[in-house]
>>> print(open('final_36.pdb').read())   # PDB, C-alpha atoms and all ligand atoms
ATOM      1  CA  MET N  85    -135.407  45.171 -58.599  1.00  0.00           C
ATOM      2  CA  HIS N  86    -131.674  45.764 -58.784  1.00  0.00           C
ATOM      3  CA  TYR N  87    -130.421  47.438 -61.921  1.00  0.00           C
ATOM      4  CA  LYS N  88    -126.831  46.423 -62.370  1.00  0.00           C
ATOM      5  CA  CYS N  89    -126.389  49.002 -65.118  1.00  0.00           C
ATOM      6  CA  CYS N  90    -126.609  51.847 -62.597  1.00  0.00           C
ATOM      7  CA  ASN N  91    -126.389  49.952 -59.298  1.00  0.00           C
ATOM      8  CA  VAL N  92    -129.755  51.151 -58.055  1.00  0.00           C
ATOM      9  CA  TYR N  93    -132.745  49.470 -56.455  1.00  0.00           C
ATOM     10  CA  VAL N  94    -136.312  50.316 -57.425  1.00  0.00           C
ATOM     11  CA  LYS N  95    -139.723  48.729 -57.034  1.00  0.00           C
ATOM     12  CA  ILE N  96    -141.315  47.190 -60.080  1.00  0.00           C
ATOM     13  CA  TYR N  97    -144.965  46.499 -60.624  1.00  0.00           C
ATOM     14  CA  LEU N  98    -147.294  43.958 -62.173  1.00  0.00           C
ATOM     15  CA  THR N  99    -148.402  44.746 -65.675  1.00  0.00           C
ATOM     16  CA  LYS N 100    -152.117  45.241 -66.310  1.00  0.00           C
ATOM     17  CA  ASP N 101    -152.606  41.665 -67.429  1.00  0.00           C
ATOM     18  CA  GLU N 102    -150.686  40.419 -64.383  1.00  0.00           C
ATOM     19  CA  THR N 103    -148.414  38.178 -66.415  1.00  0.00           C
ATOM     20  CA  ALA N 104    -145.205  40.023 -65.688  1.00  0.00           C
ATOM     21  CA  PHE N 105    -143.497  42.632 -63.615  1.00  0.00           C
ATOM     22  CA  ALA N 106    -142.196  45.663 -65.443  1.00  0.00           C
ATOM     23  CA  GLY N 107    -140.015  48.605 -64.563  1.00  0.00           C
ATOM     24  CA  ASN N 108    -137.514  51.109 -65.809  1.00  0.00           C
ATOM     25  CA  CYS N 109    -134.112  51.970 -64.486  1.00  0.00           C
ATOM     26  CA  PRO N 110    -134.522  55.448 -62.942  1.00  0.00           C
ATOM     27  CA  ARG N 111    -131.117  56.589 -64.103  1.00  0.00           C
ATOM     28  CA  CYS N 112    -130.665  55.339 -67.650  1.00  0.00           C
ATOM     29  CA  GLY N 113    -134.234  54.248 -68.455  1.00  0.00           C
ATOM     30  CA  ALA N 114    -133.411  50.657 -69.317  1.00  0.00           C
ATOM     31  CA  ARG N 115    -136.612  48.644 -69.540  1.00  0.00           C
ATOM     32  CA  THR N 116    -137.039  45.382 -67.686  1.00  0.00           C
ATOM     33  CA  SER N 117    -139.871  42.893 -67.582  1.00  0.00           C
ATOM     34  CA  ILE N 118    -140.030  39.628 -65.700  1.00  0.00           C
ATOM     35  CA  LYS N 119    -142.690  37.036 -66.349  1.00  0.00           C
ATOM     36  CA  VAL N 120    -144.581  35.801 -63.325  1.00  0.00           C
ATOM     37  CA  SER N 121    -144.172  32.085 -62.805  1.00  0.00           C
ATOM     38  CA  LYS N 122    -147.183  29.881 -62.229  1.00  0.00           C
ATOM     39  CA  THR N 123    -145.803  28.826 -58.884  1.00  0.00           C
ATOM     40  CA  GLY N 124    -145.369  32.379 -57.726  1.00  0.00           C
ATOM     41  CA  THR N 125    -142.275  34.286 -56.887  1.00  0.00           C
ATOM     42  CA  ALA N 126    -140.329  34.110 -53.676  1.00  0.00           C
ATOM     43  CA  SER N 127    -139.170  37.684 -53.808  1.00  0.00           C
ATOM     44  CA  ARG N 128    -140.127  40.979 -55.379  1.00  0.00           C
ATOM     45  CA  PHE N 129    -136.521  41.800 -56.005  1.00  0.00           C
ATOM     46  CA  TRP N 130    -134.526  40.682 -58.970  1.00  0.00           C
ATOM     47  CA  SER N 131    -131.390  41.717 -60.771  1.00  0.00           C
ATOM     48  CA  SER N 132    -131.293  42.894 -64.329  1.00  0.00           C
ATOM     49  CA  ASP N 133    -128.782  41.427 -66.737  1.00  0.00           C
TER      50      ASP N 133
HETATM   51 ZN    ZN A   1    -129.455  51.997 -65.582  1.00  0.00          ZN
END
>>> encode(input="final_36.pdb", output="C-alpha cells", more="lines below")
Ligand SMILES: [Zn+2]
Amino acid sequence: MHYKCCNVYVKIYLTKDETAFAGNCPRCGARTSIKVSKTGTASRFWSSD
C-alpha cells in the first residue's frame, strides 16, 4: 500500500471478515480500506487517494 499523503509504503491486511484490506498510514495515521473484488486482486499494493 502506498500512502501518497506521506509517500510511504506499508503492508495492509485482510479484515476479519475477509471482505476488505485495511491499514493505517504509519506517519499520519490516515485510515484506508479497500474492498476485495470477487475476481481477486492482482496485487497487494495500492495507492491511497
Ligand atoms: Zn500519511
>>> residues_around(input="final_36.pdb", residues="N:Tyr97", least_positions_apart="3", cutoff="8 Å", atoms="all atoms listed in the file", output="MDAnalysis selection string")
chainID N and resid 105:107
>>> resolve_selection(input="final_36.pdb", expression="the PyMOL selection byres (((chain N and resi 120) around 6) and not hetatm)", output="PyMOL selection string")
chain N and resi 103-104+119+121
>>> closest_residue(input="final_36.pdb", among="N:Leu98, N:Ile118, N:Cys90, N:Met85", to="ligand ZN 1 (chain A)", atoms="only C-alpha atoms and all ligand atoms")
N:Cys90
>>> residues_around(input="final_36.pdb", residues="N:Ala114", least_positions_apart="5", cutoff="10 Å", atoms="all atoms listed in the file", output="list in words")
Tyr87, Cys89, Cys90, Gly107, Asn108, Cys109 and Ser132 of chain N
>>> atom_distance(input="final_36.pdb", atom1="atom CA of N:Lys100", atom2="atom CA of N:Lys88")
25.6 Å
>>> axis_aligned_box(input="final_36.pdb", around="stretch 112-123 of chain N", padding_each_side="5 Å", output="JSON")
{"center_x": -138.9, "center_y": 42.1, "center_z": -64.2, "size_x": 26.5, "size_y": 36.5, "size_z": 20.7}
>>> closest_residue(input="final_36.pdb", among="N:Asp101, N:His86, N:Arg111, N:Tyr93", to="ligand ZN 1 (chain A)", atoms="all atoms listed in the file")
N:Arg111
